[in-house]
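K.L.:
Contents are mmCIF, C-alpha atoms; file name entry-v5.cif:
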data_entry
loop_
_atom_site.group_PDB
_atom_site.id
_atom_site.type_symbol
_atom_site.label_atom_id
_atom_site.label_comp_id
_atom_site.auth_asym_id
_atom_site.auth_seq_id
_atom_site.Cartn_x
_atom_site.Cartn_y
_atom_site.Cartn_z
ATOM 1 C CA MET A 1 0.000 0.000 0.000
ATOM 2 C CA ARG A 2 1.562 3.257 -1.106
ATOM 3 C CA THR A 3 0.545 6.476 0.543
ATOM 4 C CA SER A 4 1.600 9.909 -0.633
ATOM 5 C CA PHE A 5 1.878 12.851 1.662
ATOM 6 C CA ASP A 6 1.397 16.516 0.878
ATOM 7 C CA PHE A 7 4.153 18.453 2.641
ATOM 8 C CA ALA A 8 3.050 21.884 1.360
ATOM 9 C CA PRO A 9 1.646 23.049 4.738
ATOM 10 C CA LEU A 10 4.892 22.008 6.407
ATOM 11 C CA TRP A 11 7.044 24.100 4.040
ATOM 12 C CA ARG A 12 5.195 27.283 5.019
ATOM 13 C CA SER A 13 6.575 27.240 8.562
ATOM 14 C CA THR A 14 9.872 25.332 8.370
ATOM 15 C CA ILE A 15 13.285 26.068 6.972
ATOM 16 C CA GLY A 16 15.961 23.521 6.173
ATOM 17 C CA PHE A 17 13.778 20.399 6.414
ATOM 18 C CA ASP A 18 13.742 19.741 2.676
ATOM 19 C CA HIS A 19 15.375 16.348 3.182
ATOM 20 C CA LEU A 20 12.476 15.236 5.397
ATOM 21 C CA ALA A 21 10.178 14.597 2.420
ATOM 22 C CA ASP A 22 12.926 12.622 0.690
ATOM 23 C CA LEU A 23 13.488 10.567 3.837
ATOM 24 C CA VAL A 24 9.795 9.737 4.249
ATOM 25 C CA ASP A 25 9.437 8.949 0.557
ATOM 26 C CA SER A 26 12.453 6.614 0.500
ATOM 27 C CA THR A 27 11.218 4.849 3.634
ATOM 28 C CA LEU A 28 7.822 4.254 2.052
ATOM 29 C CA ARG A 29 9.476 2.837 -1.070
ATOM 30 C CA GLN A 30 11.477 0.248 0.868
ATOM 31 C CA ALA A 31 10.006 -3.206 1.010
ATOM 32 C CA THR A 32 8.045 -3.469 4.223
ATOM 33 C CA GLU A 33 7.884 -7.262 3.944
ATOM 34 C CA ASP A 34 11.537 -7.887 4.838
ATOM 35 C CA ASN A 35 11.702 -7.955 8.614
ATOM 36 C CA TYR A 36 14.918 -9.960 8.873
ATOM 37 C CA PRO A 37 16.717 -9.790 11.178
ATOM 38 C CA PRO A 38 14.314 -8.643 13.886
ATOM 39 C CA TYR A 39 15.495 -5.641 15.885
ATOM 40 C CA ASN A 40 14.634 -3.247 18.712
ATOM 41 C CA ILE A 41 15.374 0.461 18.970
ATOM 42 C CA GLU A 42 15.503 1.760 22.526
ATOM 43 C CA ARG A 43 15.905 5.188 24.021
ATOM 44 C CA SER A 44 18.036 4.807 27.132
ATOM 45 C CA GLY A 45 18.387 8.490 28.012
ATOM 46 C CA GLU A 46 17.828 12.009 26.740
ATOM 47 C CA ASP A 47 20.448 11.604 23.997
ATOM 48 C CA HIS A 48 21.294 7.879 24.211
ATOM 49 C CA TYR A 49 19.909 5.161 21.957
ATOM 50 C CA ARG A 50 20.468 1.438 21.479
ATOM 51 C CA ILE A 51 19.758 -0.809 18.506
ATOM 52 C CA SER A 52 19.612 -4.553 19.197
ATOM 53 C CA LEU A 53 19.481 -7.029 16.307
ATOM 54 C CA ALA A 54 18.692 -10.710 16.832
ATOM 55 C CA VAL A 55 21.324 -12.387 14.672
ATOM 56 C CA ALA A 56 21.160 -16.032 15.759
ATOM 57 C CA GLY A 57 23.531 -18.185 13.759
ATOM 58 C CA PHE A 58 25.898 -15.318 12.958
ATOM 59 C CA GLY A 59 29.227 -14.670 14.636
ATOM 60 C CA ALA A 60 30.879 -11.328 15.265
ATOM 61 C CA ASN A 61 33.133 -11.892 12.225
ATOM 62 C CA ASP A 62 30.117 -12.472 9.953
ATOM 63 C CA ILE A 63 28.672 -8.983 10.565
ATOM 64 C CA THR A 64 29.850 -5.604 9.291
ATOM 65 C CA VAL A 65 28.731 -2.333 10.905
ATOM 66 C CA THR A 66 29.419 0.837 8.896
ATOM 67 C CA ALA A 67 28.663 4.367 10.086
ATOM 68 C CA GLU A 68 28.441 7.068 7.442
ATOM 69 C CA GLN A 69 27.064 10.575 7.598
ATOM 70 C CA ASN A 70 23.438 10.211 8.753
ATOM 71 C CA ALA A 71 23.316 6.452 8.040
ATOM 72 C CA LEU A 72 24.184 3.249 9.857
ATOM 73 C CA THR A 73 24.491 0.122 7.707
ATOM 74 C CA ILE A 74 24.568 -3.364 9.175
ATOM 75 C CA GLU A 75 25.345 -6.287 6.892
ATOM 76 C CA GLY A 76 25.587 -9.966 7.691
ATOM 77 C CA ARG A 77 26.890 -12.758 5.506
ATOM 78 C CA LYS A 78 27.747 -16.309 6.512
ATOM 79 C CA PRO A 79 30.828 -17.819 4.906
ATOM 80 C CA GLU A 80 30.176 -20.605 2.417
ATOM 81 C CA THR A 81 30.225 -23.998 4.117
ATOM 82 C CA ALA A 82 29.561 -27.536 3.019
ATOM 83 C CA ALA A 83 25.923 -28.120 2.149
ATOM 84 C CA ARG A 84 23.912 -29.703 4.933
ATOM 85 C CA GLU A 85 20.719 -31.639 4.725
ATOM 86 C CA TYR A 86 18.252 -30.046 7.115
ATOM 87 C CA LEU A 87 15.111 -31.840 8.167
ATOM 88 C CA TYR A 88 13.877 -28.493 9.463
ATOM 89 C CA GLN A 89 15.692 -25.163 9.321
ATOM 90 C CA GLY A 90 14.161 -22.602 11.665
ATOM 91 C CA ILE A 91 17.289 -20.513 12.218
ATOM 92 C CA ALA A 92 17.615 -18.215 9.237
ATOM 93 C CA ALA A 93 21.178 -17.531 8.200
ATOM 94 C CA ARG A 94 20.535 -15.731 4.945
ATOM 95 C CA PRO A 95 22.519 -12.606 4.114
ATOM 96 C CA PHE A 96 20.976 -9.346 5.250
ATOM 97 C CA ARG A 97 21.483 -5.619 4.936
ATOM 98 C CA ARG A 98 19.715 -3.205 7.268
ATOM 99 C CA VAL A 99 20.126 0.584 6.962
ATOM 100 C CA PHE A 100 19.118 2.996 9.722
ATOM 101 C CA ASN A 101 18.866 6.726 9.001
ATOM 102 C CA LEU A 102 20.463 8.778 11.746
ATOM 103 C CA ALA A 103 19.571 12.310 12.763
ATOM 104 C CA ASP A 104 22.180 15.044 12.721
ATOM 105 C CA TYR A 105 24.888 14.670 15.364
ATOM 106 C CA VAL A 106 23.969 11.057 16.220
ATOM 107 C CA GLN A 107 27.181 9.068 16.527
ATOM 108 C CA VAL A 108 27.819 5.347 16.977
ATOM 109 C CA LYS A 109 29.617 4.877 20.291
ATOM 110 C CA GLN A 110 30.173 1.128 20.275
ATOM 111 C CA ALA A 111 28.994 -2.186 18.912
ATOM 112 C CA SER A 112 29.058 -5.459 20.825
ATOM 113 C CA PHE A 113 27.933 -9.019 20.310
ATOM 114 C CA GLN A 114 26.272 -10.740 23.243
ATOM 115 C CA ASP A 115 23.973 -13.780 23.545
ATOM 116 C CA GLY A 116 23.086 -13.798 19.838
ATOM 117 C CA LEU A 117 22.314 -10.065 19.843
ATOM 118 C CA LEU A 118 24.255 -7.376 18.029
ATOM 119 C CA ILE A 119 24.019 -4.309 20.281
ATOM 120 C CA ILE A 120 24.866 -0.866 18.914
ATOM 121 C CA ASP A 121 24.956 2.119 21.252
ATOM 122 C CA LEU A 122 24.402 5.587 19.800
ATOM 123 C CA VAL A 123 24.533 9.056 21.301
ATOM 124 C CA ARG A 124 23.518 12.494 20.061
ATOM 125 C CA GLU A 125 26.342 14.950 20.660
ATOM 126 C CA VAL A 126 25.339 18.437 19.603
ATOM 127 C CA PRO A 127 28.379 20.740 19.207
ATOM 128 C CA GLU A 128 28.521 23.710 21.568
ATOM 129 C CA ALA A 129 28.131 26.098 18.626
ATOM 130 C CA MET A 130 24.828 24.440 17.696
ATOM 131 C CA LYS A 131 23.269 24.460 21.164
ATOM 132 C CA PRO A 132 20.704 27.135 21.993
ATOM 133 C CA ARG A 133 22.204 30.283 23.473
ATOM 134 C CA ARG A 134 20.659 33.409 24.873
ATOM 135 C CA ILE A 135 21.053 36.502 22.701
ATOM 136 C CA PRO A 136 21.317 39.737 24.681
ATOM 137 C CA ILE A 137 18.991 42.487 23.548
ATOM 138 C CA ALA A 138 20.351 46.003 23.620
ATOM 139 C CA GLY A 139 17.961 48.358 25.365
ATOM 140 C CA GLY A 140 17.026 51.766 24.019
ATOM 141 C CA ALA A 141 18.398 53.832 26.938
ATOM 142 C CA PRO A 142 21.959 52.463 27.096
ATOM 143 C CA ALA A 143 22.393 52.720 23.327
ATOM 144 C CA ALA A 144 21.096 56.317 23.314
ATOM 145 C CA THR A 145 23.411 57.176 26.183
ATOM 146 C CA GLN A 146 26.370 55.831 24.216
ATOM 147 C CA ILE A 147 25.436 57.939 21.176
ATOM 148 C CA GLU A 148 25.121 61.064 23.341
ATOM 149 C CA GLN A 149 28.525 60.362 24.882
ATOM 150 C CA LYS A 150 30.078 60.059 21.411
ATOM 151 C CA LYS A 151 28.528 63.395 20.354
ATOM 152 C CA ALA A 152 29.827 65.098 23.497
ATOM 153 C CA ALA A 153 33.363 63.866 22.865
#
Kindly return the structure encoded in the file as structure tokens.
P.N.:
Amino acid sequence: MRTSFDFAPLWRSTIGFDHLADLVDSTLRQATEDNYPPYNIERSGEDHYRISLAVAGFGANDITVTAEQNALTIEGRKPETAAREYLYQGIAARPFRRVFNLADYVQVKQASFQDGLLIIDLVREVPEAMKPRRIPIAGGAPAATQIEQKKAA
């Protein structure tokens, strides 16, 4: 089911969010049927996040985690082994590629492998220059006083 969104009302009151429509559109285009491997996204603090992927059957050497600007890519591929005859195969070990879009200033802090889970910790670190700061407002009286002092000099 494809749904299109009209972002025109949003553009009237926002600046610099042009990539938002592209992000939503690309997410809607991705196949929603592929849910492998299953994963959780947790918020563990104001600016701390954790992604946990259930990767049973994979080892730490079978998985690649790549952080790029605003994207985290996780790929898993099992090395070729001798063919086995399964009577039932419930543990999927097919190759996968999962891409997570990251907001500005979200950085990958660490990745670990524990009990069949790939755990990736992320944190948002906003640079000091980008944090909100109070802007002093010059009052009318002090500025006028300074002009009068300059004229008197």
K.L.:
Applied to this file, what does the PyMOL selection byres ((chain A and resi 79) around 12) return in terms of residues, put as a list in words?
P.N.:
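Output from the PyMOL selection byres ((chain A and resi 79) around 12), applied to this file: Gly57, Phe58, Gly59, Asn61, Asp62, Ile63, Gly76, Arg77, Lys78, Glu80, Thr81, Ala82, Ala83, Ala93, Arg94 and Pro95 of chain A.
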K.L.:
Report the distance between atom CA of Thr73 of chain A and atom CA of Phe96 of chain A in Å, rounded to one decimal place.
P.N.:
10.4 Å
K.L.:
Please provide the set of residues having any atom within 12 Å of Lys109 of chain A, restricted to only C-alpha atoms, with same-chain residues fewer than 5 positions apart removed, written as an MDAnalysis selection string.
P.N.:
chainID A and resid 47:51 65 67 72 119:125
K.L.:
Work out how far apart atom CA of Ala129 of chain A and atom CA of Gln107 of chain A are and give it in Å to one decimal.
P.N.:
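Computed distance, atom CA of Ala129 of chain A to atom CA of Gln107 of chain A, equals 17.2 Å.
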K.L.:
Mind pulling up the distance from atom CA of Ala92 of chain A to atom CA of Ala56 of chain A?
P.N.:
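If I compute the distance from atom CA of Ala56 of chain A to atom CA of Ala92 of chain A, I get 7.7 Å.
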K.L.:
Exactly which residues make up the result of the PyMOL selection byres ((chain A and resi 115-118) around 6) on this file, given as a list in words?
P.N.:
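Written out, the selection comes to Ser52, Leu53, Ala54, Val55, Ala56, Ser112, Phe113, Gln114 and Ile119 of chain A.
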K.L.:
Measuring between all atoms listed in the file, which one of A:Ala138, A:Pro132, A:Glu75, A:Ser44 shows the shortest distance to Arg97 of chain A?
P.N.:
A:Glu75
K.L.:
Which residues are close to Leu102 of chain A, i.e. within 7 Å by all atoms listed in the file, leaving aside same-chain residues fewer than 3 positions away? Reply as a PyMOL selection string.
P.N.:
chain A and resi 70-72+106
K.L.:
Considering only C-alpha atoms, can you say which of A:Glu85, A:Glu68, A:Ile137, A:Asp6 comes closest to Tyr105 of chain A?
P.N.:
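Looking at the shortest contact to Tyr105 of chain A, the residue is A:Glu68.
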K.L.:
Take segment 103-114 of chain A, model all heavy atoms, and hand the result over as an mmCIF file, in the frame of the given file.
P.N.:
data_model
loop_
_atom_site.group_PDB
_atom_site.id
_atom_site.type_symbol
_atom_site.label_atom_id
_atom_site.label_comp_id
_atom_site.auth_asym_id
_atom_site.auth_seq_id
_atom_site.Cartn_x
_atom_site.Cartn_y
_atom_site.Cartn_z
ATOM 1 N N ALA A 103 19.758 10.863 12.713
ATOM 2 C CA ALA A 103 19.571 12.310 12.763
ATOM 3 C C ALA A 103 20.939 12.991 12.834
ATOM 4 O O ALA A 103 21.967 12.352 13.077
ATOM 5 C CB ALA A 103 18.725 12.692 13.980
ATOM 6 N N ASP A 104 20.936 14.284 12.618
ATOM 7 C CA ASP A 104 22.180 15.044 12.721
ATOM 8 C C ASP A 104 22.782 14.874 14.106
ATOM 9 O O ASP A 104 22.060 14.838 15.106
ATOM 10 C CB ASP A 104 21.916 16.529 12.464
ATOM 11 C CG ASP A 104 21.519 16.797 11.026
ATOM 12 O OD1 ASP A 104 21.855 15.976 10.150
ATOM 13 O OD2 ASP A 104 20.869 17.824 10.774
ATOM 14 N N TYR A 105 24.092 14.751 14.148
ATOM 15 C CA TYR A 105 24.888 14.670 15.364
ATOM 16 C C TYR A 105 24.719 13.362 16.135
ATOM 17 O O TYR A 105 25.193 13.249 17.255
ATOM 18 C CB TYR A 105 24.625 15.863 16.298
ATOM 19 C CG TYR A 105 24.685 17.173 15.582
ATOM 20 C CD1 TYR A 105 23.556 17.969 15.455
ATOM 21 C CD2 TYR A 105 25.864 17.604 14.974
ATOM 22 C CE1 TYR A 105 23.599 19.168 14.768
ATOM 23 C CE2 TYR A 105 25.912 18.798 14.289
ATOM 24 C CZ TYR A 105 24.780 19.571 14.187
ATOM 25 O OH TYR A 105 24.813 20.754 13.500
ATOM 26 N N VAL A 106 24.042 12.362 15.569
ATOM 27 C CA VAL A 106 23.969 11.057 16.220
ATOM 28 C C VAL A 106 25.187 10.256 15.785
ATOM 29 O O VAL A 106 25.444 10.097 14.597
ATOM 30 C CB VAL A 106 22.662 10.314 15.870
ATOM 31 C CG1 VAL A 106 22.682 8.898 16.413
ATOM 32 C CG2 VAL A 106 21.468 11.067 16.423
ATOM 33 N N GLN A 107 25.932 9.779 16.767
ATOM 34 C CA GLN A 107 27.181 9.068 16.527
ATOM 35 C C GLN A 107 27.085 7.658 17.104
ATOM 36 O O GLN A 107 26.466 7.452 18.143
ATOM 37 C CB GLN A 107 28.334 9.783 17.240
ATOM 38 C CG GLN A 107 28.461 11.246 16.920
ATOM 39 C CD GLN A 107 29.378 11.483 15.761
ATOM 40 O OE1 GLN A 107 30.322 10.759 15.580
ATOM 41 N NE2 GLN A 107 29.096 12.508 14.978
ATOM 42 N N VAL A 108 27.727 6.705 16.450
ATOM 43 C CA VAL A 108 27.819 5.347 16.977
ATOM 44 C C VAL A 108 28.940 5.337 18.008
ATOM 45 O O VAL A 108 30.065 5.718 17.715
ATOM 46 C CB VAL A 108 28.108 4.331 15.851
ATOM 47 C CG1 VAL A 108 28.297 2.941 16.428
ATOM 48 C CG2 VAL A 108 26.996 4.344 14.832
ATOM 49 N N LYS A 109 28.616 4.923 19.222
ATOM 50 C CA LYS A 109 29.617 4.877 20.291
ATOM 51 C C LYS A 109 30.313 3.538 20.349
ATOM 52 O O LYS A 109 31.520 3.473 20.511
ATOM 53 C CB LYS A 109 28.971 5.183 21.655
ATOM 54 C CG LYS A 109 28.782 6.642 21.884
ATOM 55 C CD LYS A 109 30.130 7.309 21.833
ATOM 56 C CE LYS A 109 30.019 8.795 21.921
ATOM 57 N NZ LYS A 109 31.247 9.477 21.632
ATOM 58 N N GLN A 110 29.550 2.443 20.245
ATOM 59 C CA GLN A 110 30.173 1.128 20.275
ATOM 60 C C GLN A 110 29.210 0.084 19.745
ATOM 61 O O GLN A 110 28.011 0.308 19.703
ATOM 62 C CB GLN A 110 30.613 0.755 21.687
ATOM 63 C CG GLN A 110 29.477 0.482 22.642
ATOM 64 C CD GLN A 110 29.982 0.038 24.012
ATOM 65 O OE1 GLN A 110 31.155 0.166 24.319
ATOM 66 N NE2 GLN A 110 29.088 -0.473 24.824
ATOM 67 N N ALA A 111 29.783 -1.036 19.344
ATOM 68 C CA ALA A 111 28.994 -2.186 18.912
ATOM 69 C C ALA A 111 29.537 -3.401 19.640
ATOM 70 O O ALA A 111 30.750 -3.552 19.792
ATOM 71 C CB ALA A 111 29.097 -2.375 17.406
ATOM 72 N N SER A 112 28.637 -4.248 20.122
ATOM 73 C CA SER A 112 29.058 -5.459 20.825
ATOM 74 C C SER A 112 28.158 -6.612 20.417
ATOM 75 O O SER A 112 27.059 -6.415 19.900
ATOM 76 C CB SER A 112 29.031 -5.239 22.341
ATOM 77 O OG SER A 112 27.727 -4.916 22.775
ATOM 78 N N PHE A 113 28.656 -7.807 20.662
ATOM 79 C CA PHE A 113 27.933 -9.019 20.310
ATOM 80 C C PHE A 113 27.772 -9.834 21.581
ATOM 81 O O PHE A 113 28.756 -10.198 22.216
ATOM 82 C CB PHE A 113 28.735 -9.797 19.254
ATOM 83 C CG PHE A 113 27.946 -10.843 18.566
ATOM 84 C CD1 PHE A 113 27.071 -10.499 17.551
ATOM 85 C CD2 PHE A 113 28.078 -12.171 18.912
ATOM 86 C CE1 PHE A 113 26.340 -11.474 16.887
ATOM 87 C CE2 PHE A 113 27.346 -13.144 18.258
ATOM 88 C CZ PHE A 113 26.475 -12.799 17.247
ATOM 89 N N GLN A 114 26.517 -10.081 21.965
ATOM 90 C CA GLN A 114 26.272 -10.740 23.243
ATOM 91 C C GLN A 114 25.003 -11.581 23.159
ATOM 92 O O GLN A 114 23.943 -11.080 22.807
ATOM 93 C CB GLN A 114 26.131 -9.667 24.332
ATOM 94 C CG GLN A 114 25.826 -10.171 25.694
ATOM 95 C CD GLN A 114 25.633 -9.014 26.672
ATOM 96 O OE1 GLN A 114 25.744 -7.841 26.318
ATOM 97 N NE2 GLN A 114 25.351 -9.363 27.894
#
